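Here is the file coords.pdb (PDB, C-alpha atoms (C1' of nucleotides)).
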ATOM      1  CA  MET A   1      16.342 -14.756   3.790
ATOM      2  CA  ARG A   2      15.624 -11.095   4.305
ATOM      3  CA  LEU A   3      12.592  -8.850   4.031
ATOM      4  CA  LEU A   4      12.627  -5.747   1.890
ATOM      5  CA  PRO A   5      11.382  -2.381   3.206
ATOM      6  CA  HIS A   6       7.635  -1.860   3.023
ATOM      7  CA  PRO A   7       5.231   0.818   4.223
ATOM      8  CA  ALA A   8       3.736   0.192   7.642
ATOM      9  CA  THR A   9       0.133  -0.912   7.684
ATOM     10  CA  GLU A  10      -1.118   2.442   8.950
ATOM     11  CA  ASP A  11       0.781   4.219   6.179
ATOM     12  CA  ILE A  12      -0.979   2.389   3.376
ATOM     13  CA  GLU A  13      -3.008   4.983   1.489
ATOM     14  CA  LEU A  14      -6.286   4.164  -0.198
ATOM     15  CA  THR A  15      -5.636   6.250  -3.291
ATOM     16  CA  GLU A  16      -2.228   4.630  -3.752
ATOM     17  CA  VAL A  17      -3.667   1.145  -3.473
ATOM     18  CA  LEU A  18      -6.383   2.007  -5.993
ATOM     19  CA  ARG A  19      -3.811   3.517  -8.298
ATOM     20  CA  ALA A  20      -1.584   0.459  -7.993
ATOM     21  CA  LEU A  21      -4.474  -1.846  -8.841
ATOM     22  CA  SER A  22      -5.694   0.317 -11.721
ATOM     23  CA  ASP A  23      -2.918  -0.862 -14.015
ATOM     24  CA  PRO A  24      -3.839  -4.046 -15.910
ATOM     25  CA  VAL A  25      -0.425  -5.634 -15.501
ATOM     26  CA  ARG A  26      -0.327  -4.969 -11.772
ATOM     27  CA  LEU A  27      -3.898  -6.134 -11.343
ATOM     28  CA  GLU A  28      -3.043  -9.380 -13.103
ATOM     29  CA  ILE A  29      -0.025  -9.916 -10.859
ATOM     30  CA  THR A  30      -2.223  -9.242  -7.841
ATOM     31  CA  ILE A  31      -4.785 -11.769  -9.028
ATOM     32  CA  ARG A  32      -2.108 -14.408  -9.541
ATOM     33  CA  LEU A  33      -0.783 -13.832  -6.058
ATOM     34  CA  ALA A  34      -4.290 -14.119  -4.676
ATOM     35  CA  ILE A  35      -4.819 -17.423  -6.415
ATOM     36  CA  ALA A  36      -1.435 -19.051  -6.047
ATOM     37  CA  GLY A  37      -0.113 -17.396  -2.911
ATOM     38  CA  GLU A  38       3.573 -16.627  -2.694
ATOM     39  CA  MET A  39       5.360 -16.559  -6.022
ATOM     40  CA  ASN A  40       8.724 -15.427  -7.279
ATOM     41  CA  CYS A  41       8.794 -12.383  -9.510
ATOM     42  CA  THR A  42       9.430 -14.093 -12.806
ATOM     43  CA  THR A  43       6.566 -16.516 -12.290
ATOM     44  CA  ALA A  44       4.213 -13.741 -11.237
ATOM     45  CA  ALA A  45       4.777 -11.843 -14.460
ATOM     46  CA  ASP A  46       5.114 -14.826 -16.774
ATOM     47  CA  HIS A  47       3.573 -14.426 -20.234
ATOM     48  CA  LEU A  48       2.392 -10.931 -19.449
ATOM     49  CA  GLY A  49       4.135  -9.523 -22.490
ATOM     50  CA  VAL A  50       6.192  -6.933 -20.695
ATOM     51  CA  HIS A  51       9.924  -6.644 -20.453
ATOM     52  CA  LYS A  52      11.442  -7.826 -17.180
ATOM     53  CA  SER A  53      12.539  -4.304 -16.297
ATOM     54  CA  THR A  54       8.980  -3.114 -16.782
ATOM     55  CA  ALA A  55       7.770  -5.937 -14.595
ATOM     56  CA  SER A  56      10.293  -4.942 -11.971
ATOM     57  CA  HIS A  57       8.872  -1.437 -11.927
ATOM     58  CA  HIS A  58       5.444  -2.911 -11.304
ATOM     59  CA  TYR A  59       6.758  -5.007  -8.422
ATOM     60  CA  ARG A  60       8.085  -1.874  -6.843
ATOM     61  CA  ALA A  61       4.832   0.024  -7.409
ATOM     62  CA  LEU A  62       2.869  -2.772  -5.740
ATOM     63  CA  ARG A  63       5.320  -2.967  -2.852
ATOM     64  CA  GLU A  64       5.437   0.798  -2.264
ATOM     65  CA  ALA A  65       1.667   1.005  -2.354
ATOM     66  CA  GLY A  66       1.534  -1.639   0.340
ATOM     67  CA  VAL A  67      -0.178  -4.263  -1.783
ATOM     68  CA  VAL A  68       2.561  -6.873  -1.734
ATOM     69  CA  GLU A  69       5.377  -7.972   0.503
ATOM     70  CA  THR A  70       8.681  -9.119  -0.902
ATOM     71  CA  LYS A  71      11.286 -11.304   0.653
ATOM     72  CA  GLN A  72      14.487 -12.550  -0.770
ATOM     73  CA  GLU A  73      15.596 -16.152  -0.597
ATOM     74  CA  GLY A  74      18.800 -16.938  -2.313
ATOM     75  CA  ARG A  75      18.670 -15.303  -5.687
ATOM     76  CA  LEU A  76      14.891 -15.423  -5.912
ATOM     77  CA  LYS A  77      12.497 -12.818  -4.619
ATOM     78  CA  TYR A  78       9.136 -13.969  -3.460
ATOM     79  CA  MET A  79       6.081 -11.739  -3.455
ATOM     80  CA  SER A  80       2.895 -12.248  -1.520
ATOM     81  CA  LEU A  81      -0.256 -10.213  -0.999
ATOM     82  CA  ARG A  82      -0.410  -8.231   2.251
ATOM     83  CA  ARG A  83      -3.848  -9.634   2.814
ATOM     84  CA  THR A  84      -4.042  -9.232   6.572
ATOM     85  CA  ASP A  85      -2.774  -5.665   6.455
ATOM     86  CA  LEU A  86      -5.057  -4.673   3.599
ATOM     87  CA  ASP A  87      -8.079  -6.312   5.203
ATOM     88  CA  ALA A  88      -7.350  -4.577   8.478
ATOM     89  CA  ARG A  89      -6.983  -1.201   6.881
ATOM     90  CA  PHE A  90      -9.571  -1.413   4.084
ATOM     91  CA  PRO A  91     -11.997  -4.198   4.969
ATOM     92  CA  GLY A  92     -13.539  -5.898   1.978
ATOM     93  CA  LEU A  93     -11.643  -3.880  -0.585
ATOM     94  CA  LEU A  94      -9.247  -6.543  -1.781
ATOM     95  CA  ASP A  95     -11.982  -9.175  -1.911
ATOM     96  CA  ALA A  96     -14.239  -6.855  -3.873
ATOM     97  CA  VAL A  97     -11.494  -6.092  -6.378
ATOM     98  CA  LEU A  98     -10.549  -9.741  -6.795
ATOM     99  CA  HIS A  99     -14.159 -10.748  -7.153
ATOM    100  CA  ALA A 100     -14.748  -7.928  -9.614
ATOM    101  CA  ALA A 101     -11.810  -9.172 -11.642
ATOM    102  CA  ASN A 102     -13.878 -12.338 -11.870
ATOM    103  CA  ARG A 103     -11.263 -14.526 -10.404
ATOM    104  CA  PRO A 104     -12.077 -15.718  -6.931
ATOM    105  CA  SER A 105      -9.232 -15.896  -4.509
ATOM    106  CA  ARG A 106      -8.059 -18.877  -2.559
ATOM    107  CA  ARG A 107      -7.907 -17.469   0.921
ATOM    108  CA  PRO A 108      -6.512 -19.256   3.874
ATOM    109  CA  VAL A 109      -9.616 -20.193   5.834
ATOM    110  CA  SER A 110      -9.410 -19.779   9.583
ATOM    111  CA  ALA A 111     -10.692 -22.475  11.938
ATOM    112  CA  HIS A 112     -13.391 -20.060  13.014
ATOM    113  CA  GLN A 113     -14.699 -19.614   9.494
ATOM    114  CA  ALA A 114     -14.354 -23.307   8.763
ATOM    115  CA  ASP A 115     -16.560 -24.091  11.753
ATOM    116  CA  ALA A 116     -19.166 -21.586  10.722
ATOM    117  CA  ARG A 117     -19.253 -23.101   7.276
ATOM    118  CA  ALA A 118     -19.861 -26.634   8.489
TER     119      ALA A 118
ATOM    120  CA  MET B   1     -33.979  17.699 -18.676
ATOM    121  CA  ARG B   2     -31.649  15.470 -20.635
ATOM    122  CA  LEU B   3     -29.191  12.728 -19.806
ATOM    123  CA  LEU B   4     -25.620  12.882 -21.019
ATOM    124  CA  PRO B   5     -23.956   9.896 -22.700
ATOM    125  CA  HIS B   6     -22.549   7.307 -20.336
ATOM    126  CA  PRO B   7     -20.958   3.876 -20.760
ATOM    127  CA  ALA B   8     -23.404   0.969 -20.511
ATOM    128  CA  THR B   9     -23.237  -1.027 -17.314
ATOM    129  CA  GLU B  10     -21.538  -3.968 -18.972
ATOM    130  CA  ASP B  11     -18.925  -1.654 -20.463
ATOM    131  CA  ILE B  12     -17.727  -0.357 -17.125
ATOM    132  CA  GLU B  13     -14.146  -1.534 -16.694
ATOM    133  CA  LEU B  14     -12.694  -2.379 -13.331
ATOM    134  CA  THR B  15      -9.317  -0.803 -13.998
ATOM    135  CA  GLU B  16     -10.949   2.406 -15.179
ATOM    136  CA  VAL B  17     -13.111   2.628 -12.099
ATOM    137  CA  LEU B  18     -10.086   2.047  -9.868
ATOM    138  CA  ARG B  19      -8.144   4.641 -11.792
ATOM    139  CA  ALA B  20     -10.965   7.149 -11.532
ATOM    140  CA  LEU B  21     -11.185   6.650  -7.785
ATOM    141  CA  SER B  22      -7.432   6.802  -7.286
ATOM    142  CA  ASP B  23      -7.330  10.575  -7.661
ATOM    143  CA  PRO B  24      -7.910  12.395  -4.340
ATOM    144  CA  VAL B  25     -10.155  15.043  -5.875
ATOM    145  CA  ARG B  26     -12.326  12.498  -7.658
ATOM    146  CA  LEU B  27     -12.466  10.293  -4.604
ATOM    147  CA  GLU B  28     -13.646  13.246  -2.536
ATOM    148  CA  ILE B  29     -16.340  14.067  -5.079
ATOM    149  CA  THR B  30     -17.425  10.443  -5.036
ATOM    150  CA  ILE B  31     -17.640  10.458  -1.248
ATOM    151  CA  ARG B  32     -19.735  13.604  -1.285
ATOM    152  CA  LEU B  33     -22.108  12.083  -3.794
ATOM    153  CA  ALA B  34     -22.361   8.974  -1.659
ATOM    154  CA  ILE B  35     -23.244  11.041   1.393
ATOM    155  CA  ALA B  36     -25.442  13.718  -0.098
ATOM    156  CA  GLY B  37     -26.852  11.977  -3.144
ATOM    157  CA  GLU B  38     -27.456  13.991  -6.280
ATOM    158  CA  MET B  39     -25.567  17.273  -6.389
ATOM    159  CA  ASN B  40     -24.804  19.866  -8.999
ATOM    160  CA  CYS B  41     -21.218  20.126 -10.188
ATOM    161  CA  THR B  42     -20.250  23.297  -8.397
ATOM    162  CA  THR B  43     -21.499  22.005  -5.073
ATOM    163  CA  ALA B  44     -19.765  18.683  -5.537
ATOM    164  CA  ALA B  45     -16.388  20.341  -5.985
ATOM    165  CA  ASP B  46     -16.881  23.207  -3.534
ATOM    166  CA  HIS B  47     -13.824  24.182  -1.503
ATOM    167  CA  LEU B  48     -11.711  21.526  -3.150
ATOM    168  CA  GLY B  49      -9.116  24.055  -4.157
ATOM    169  CA  VAL B  50      -9.150  23.270  -7.845
ATOM    170  CA  HIS B  51     -10.089  25.496 -10.736
ATOM    171  CA  LYS B  52     -13.535  24.917 -12.186
ATOM    172  CA  SER B  53     -12.057  23.702 -15.457
ATOM    173  CA  THR B  54      -9.996  21.163 -13.536
ATOM    174  CA  ALA B  55     -13.106  20.077 -11.702
ATOM    175  CA  SER B  56     -14.899  19.742 -15.008
ATOM    176  CA  HIS B  57     -12.234  17.361 -16.229
ATOM    177  CA  HIS B  58     -12.757  15.268 -13.139
ATOM    178  CA  TYR B  59     -16.506  15.151 -13.763
ATOM    179  CA  ARG B  60     -15.820  13.830 -17.196
ATOM    180  CA  ALA B  61     -13.323  11.256 -15.907
ATOM    181  CA  LEU B  62     -15.858   9.985 -13.383
ATOM    182  CA  ARG B  63     -18.600   9.878 -15.973
ATOM    183  CA  GLU B  64     -16.528   8.111 -18.626
ATOM    184  CA  ALA B  65     -15.349   5.564 -16.099
ATOM    185  CA  GLY B  66     -18.984   4.832 -15.289
ATOM    186  CA  VAL B  67     -18.825   6.030 -11.711
ATOM    187  CA  VAL B  68     -21.303   8.866 -12.003
ATOM    188  CA  GLU B  69     -24.328   9.774 -14.039
ATOM    189  CA  THR B  70     -24.964  13.318 -15.152
ATOM    190  CA  LYS B  71     -28.175  14.943 -16.146
ATOM    191  CA  GLN B  72     -28.819  18.480 -17.104
ATOM    192  CA  GLU B  73     -31.659  20.539 -15.705
ATOM    193  CA  GLY B  74     -31.758  24.093 -16.849
ATOM    194  CA  ARG B  75     -28.290  25.460 -16.585
ATOM    195  CA  LEU B  76     -27.280  23.123 -13.787
ATOM    196  CA  LYS B  77     -25.821  19.665 -14.202
ATOM    197  CA  TYR B  78     -26.555  17.141 -11.533
ATOM    198  CA  MET B  79     -24.282  14.236 -10.797
ATOM    199  CA  SER B  80     -25.144  11.084  -8.938
ATOM    200  CA  LEU B  81     -23.340   7.846  -8.200
ATOM    201  CA  ARG B  82     -24.219   4.911 -10.442
ATOM    202  CA  ARG B  83     -24.643   2.817  -7.362
ATOM    203  CA  THR B  84     -26.937   0.170  -8.795
ATOM    204  CA  ASP B  85     -24.805  -0.316 -11.881
ATOM    205  CA  LEU B  86     -21.570  -0.454  -9.932
ATOM    206  CA  ASP B  87     -22.995  -2.841  -7.366
ATOM    207  CA  ALA B  88     -24.314  -5.077 -10.110
ATOM    208  CA  ARG B  89     -21.027  -5.173 -11.927
ATOM    209  CA  PHE B  90     -18.566  -5.081  -9.022
ATOM    210  CA  PRO B  91     -20.422  -6.162  -5.896
ATOM    211  CA  GLY B  92     -19.078  -4.654  -2.721
ATOM    212  CA  LEU B  93     -16.434  -2.566  -4.416
ATOM    213  CA  LEU B  94     -18.009   0.836  -3.999
ATOM    214  CA  ASP B  95     -18.979   0.155  -0.412
ATOM    215  CA  ALA B  96     -15.496  -1.046   0.428
ATOM    216  CA  VAL B  97     -13.925   2.052  -1.106
ATOM    217  CA  LEU B  98     -16.328   4.399   0.648
ATOM    218  CA  HIS B  99     -15.831   2.643   3.931
ATOM    219  CA  ALA B 100     -12.080   2.685   3.476
ATOM    220  CA  ALA B 101     -12.126   6.375   2.650
ATOM    221  CA  ASN B 102     -13.682   7.137   5.990
ATOM    222  CA  ARG B 103     -10.592   6.094   7.848
ATOM    223  CA  PRO B 104      -8.008   8.767   8.435
ATOM    224  CA  SER B 105      -4.615   7.586   7.425
ATOM    225  CA  ARG B 106      -2.154   8.063  10.219
ATOM    226  CA  ARG B 107      -3.327   8.399  13.748
ATOM    227  CA  PRO B 108      -6.005   6.130  15.020
ATOM    228  CA  VAL B 109      -8.960   8.262  15.971
ATOM    229  CA  SER B 110     -11.832   7.882  18.343
ATOM    230  CA  ALA B 111     -15.274   7.056  17.055
ATOM    231  CA  HIS B 112     -16.314  10.562  18.023
ATOM    232  CA  GLN B 113     -13.778  12.142  15.700
ATOM    233  CA  ALA B 114     -14.485   9.641  12.984
ATOM    234  CA  ASP B 115     -18.140  10.602  13.035
ATOM    235  CA  ALA B 116     -17.286  14.263  12.712
ATOM    236  CA  ARG B 117     -15.411  13.634   9.480
ATOM    237  CA  ALA B 118     -15.392  16.642   7.148
TER     238      ALA B 118
ATOM    239  C1'  DA C   1      37.220 -17.705 -11.738
ATOM    240  C1'  DA C   2      33.881 -17.627 -15.029
ATOM    241  C1'  DG C   3      29.301 -18.025 -16.208
ATOM    242  C1'  DT C   4      24.487 -17.990 -15.413
ATOM    243  C1'  DC C   5      20.306 -16.721 -13.283
ATOM    244  C1'  DA C   6      16.947 -13.383 -11.115
ATOM    245  C1'  DG C   7      15.876  -9.198 -10.713
ATOM    246  C1'  DT C   8      17.113  -3.991 -10.321
ATOM    247  C1'  DT C   9      18.698   0.395 -11.962
ATOM    248  C1'  DT C  10      19.441   3.829 -15.307
ATOM    249  C1'  DG C  11      18.536   6.232 -19.487
ATOM    250  C1'  DA C  12      15.612   7.385 -23.180
ATOM    251  C1'  DT C  13      11.074   7.931 -25.183
ATOM    252  C1'  DG C  14       6.384   8.650 -25.720
ATOM    253  C1'  DG C  15       1.983   9.283 -23.840
ATOM    254  C1'  DG C  16      -1.211  10.558 -20.527
ATOM    255  C1'  DC C  17      -2.808  13.478 -16.969
ATOM    256  C1'  DA C  18      -3.674  17.249 -13.361
ATOM    257  C1'  DT C  19      -3.577  21.926 -13.367
ATOM    258  C1'  DC C  20      -4.669  26.815 -14.566
ATOM    259  C1'  DA C  21      -6.238  30.512 -17.653
ATOM    260  C1'  DA C  22      -9.008  32.171 -21.123
ATOM    261  C1'  DA C  23     -12.452  31.689 -24.483
ATOM    262  C1'  DC C  24     -16.780  29.544 -25.482
ATOM    263  C1'  DT C  25     -21.832  27.612 -24.909
ATOM    264  C1'  DT C  26     -26.155  27.364 -22.984
ATOM    265  C1'  DT C  27     -29.673  28.794 -20.017
ATOM    266  C1'  DT C  28     -31.878  32.109 -17.103
ATOM    267  C1'  DG C  29     -33.106  36.801 -15.665
ATOM    268  C1'  DC C  30     -33.598  41.776 -16.326
TER     269       DC C  30
ATOM    270  C1'  DG D   1     -31.101  42.040 -26.451
ATOM    271  C1'  DC D   2     -27.693  42.013 -22.804
ATOM    272  C1'  DA D   3     -25.556  40.270 -18.924
ATOM    273  C1'  DA D   4     -24.762  36.849 -15.496
ATOM    274  C1'  DA D   5     -24.384  31.980 -14.037
ATOM    275  C1'  DA D   6     -22.803  27.101 -14.702
ATOM    276  C1'  DG D   7     -20.009  24.237 -16.928
ATOM    277  C1'  DT D   8     -17.170  22.854 -20.965
ATOM    278  C1'  DT D   9     -13.468  23.221 -24.224
ATOM    279  C1'  DT D  10      -9.014  24.501 -25.714
ATOM    280  C1'  DG D  11      -4.271  25.595 -25.101
ATOM    281  C1'  DA D  12      -0.162  25.563 -22.457
ATOM    282  C1'  DT D  13       2.785  23.616 -18.905
ATOM    283  C1'  DG D  14       4.898  20.404 -16.093
ATOM    284  C1'  DC D  15       4.937  16.094 -14.035
ATOM    285  C1'  DC D  16       4.377  11.323 -13.681
ATOM    286  C1'  DC D  17       4.361   6.905 -15.642
ATOM    287  C1'  DA D  18       4.586   2.568 -18.743
ATOM    288  C1'  DT D  19       7.712   0.795 -21.735
ATOM    289  C1'  DC D  20      12.086  -1.085 -23.665
ATOM    290  C1'  DA D  21      17.095  -1.659 -23.852
ATOM    291  C1'  DA D  22      21.346  -2.054 -21.788
ATOM    292  C1'  DA D  23      24.206  -2.082 -17.942
ATOM    293  C1'  DC D  24      24.525  -3.567 -13.307
ATOM    294  C1'  DT D  25      24.253  -6.476  -8.744
ATOM    295  C1'  DG D  26      24.118 -10.466  -5.888
ATOM    296  C1'  DA D  27      23.792 -15.307  -5.491
ATOM    297  C1'  DC D  28      24.352 -19.835  -7.039
ATOM    298  C1'  DT D  29      26.871 -23.308 -10.178
ATOM    299  C1'  DT D  30      30.488 -25.523 -12.417
TER     300       DT D  30
END
Represent the structure from my file as structure tokens, please.
Amino acid sequence: MRLLPHPATEDIELTEVLRALSDPVRLEITIRLAIAGEMNCTTAADHLGVHKSTASHHYRALREAGVVETKQEGRLKYMSLRRTDLDARFPGLLDAVLHAANRPSRRPVSAHQADARA
Amino acid sequence: MRLLPHPATEDIELTEVLRALSDPVRLEITIRLAIAGEMNCTTAADHLGVHKSTASHHYRALREAGVVETKQEGRLKYMSLRRTDLDARFPGLLDAVLHAANRPSRRPVSAHQADARA
DNA sequence: AAGTCAGTTTGATGGGCATCAAACTTTTGC
DNA sequence: GCAAAAGTTTGATGCCCATCAAACTGACTT
């Protein structure tokens, strides 16, 4: 189980994140990751109508922009949103984009937030 | 004084807005409009280091994406952010982008420097 | 060892886009 | 009317990018 190289949090650039999310296929992948959490690549791009090599390019674009994190387990690669990093660097941006895409995200709720909600 | 054609609020597409904002020049123009409000085109793109025809293309890109509104008064054209429309359609998105854009990318800076942002 | 599975890389293609330069349009001022 | 100012449009250039197809890699299976 090894992690692939990603940009450090402080190296994530706003314009690159916006550019990454401005492609419909990549936005859809991002939404799926937000809803379902960690997914392998094939699942993330299932029924998107793009060739697997095209999808692979999108995975790379998302990873290099700092939007997703990829780790390999066996012969599968699992992607997940870099939620903490993105929220730290660009507070509210990811939530606004996901909400704008009209598909609410299932965030892990901290104990603190859970208390405040009750 | 006449208004130029713009997309209706409900026709503003998320991916197009993200794409429009993903260009550094257009993002800078957007930030200036957010800070200073309505500005004419030349002022908005002052000292950006791009030719006026290039700037004009960016105005169009921002307008067609639904980010800005343009009205002509005399021989000047004034641009302004479509804040209300954007907030209605994508709540929190514009604010998150503007807030994110205020953070310098690499070195963490003091609040003093952050306030003196150019 | 051979085959399969998951995903990447490479090559080719077509389209879009950021840029500048030059010509054009519209409005204002002399 | 003529010229200047403010943008736009058009043309040219070069780059980047989304896409597919085919070859490749690394890991598991039989």
All residues 9 Å or closer to DT8 in chain C, only C-alpha atoms (C1' of nucleotides), same chain fewer than 5 positions away omitted, as a PyMOL selection string: (chain A and resi 53+56-57) or (chain D and resi 24-25)
Output check: residues returned by the PyMOL selection byres ((chain D and resi 23) around 10), as an MDAnalysis selection string: (chainID C and resid 9:10) or (chainID D and resid 21:22 24)
After fitting chain A to chain B over every Cα pair taken in order, the RMSD: 7.4 Å
Chain D residues near chain A (8 Å cut-off, all atoms listed in the file) as a PyMOL selection string: chain D and resi 18-20+26-28
Using all atoms listed in the file, I'd like a table of the residues in chain C that come within 8 Å of chain A; for each, show the closest atom pair and its distance in Å rounded to one decimal, ordered by chain and ascending number, as a Markdown table.
| residue | atom | partner | partner_atom | distance |
| --- | --- | --- | --- | --- |
| C:DC5 | C1' | A:Arg75 | CA | 7.9 |
| C:DA6 | C1' | A:Leu76 | CA | 6.0 |
| C:DG7 | C1' | A:Ser56 | CA | 7.1 |
| C:DT8 | C1' | A:Ser56 | CA | 7.1 |
The PyMOL selection byres ((chain B) within 6 of (chain A)) resolved against shown file, as a list of chain:residue names: B:Thr15, B:Leu18, B:Arg19, B:Ser22, B:Phe90, B:Gly92, B:Leu93, B:Ala96, B:Ala100, B:Arg106
Contact residues around DC24 in chain C with all atoms listed in the file at 10 Å, ignoring same-chain residues under 6 positions, as an MDAnalysis selection string: chainID D and resid 8:10
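Residues matched by the PyMOL selection byres ((chain C and resi 18) around 9) in this file: Thr54 of chain B; DC17 and DT19 of chain C; DC15 of chain D.
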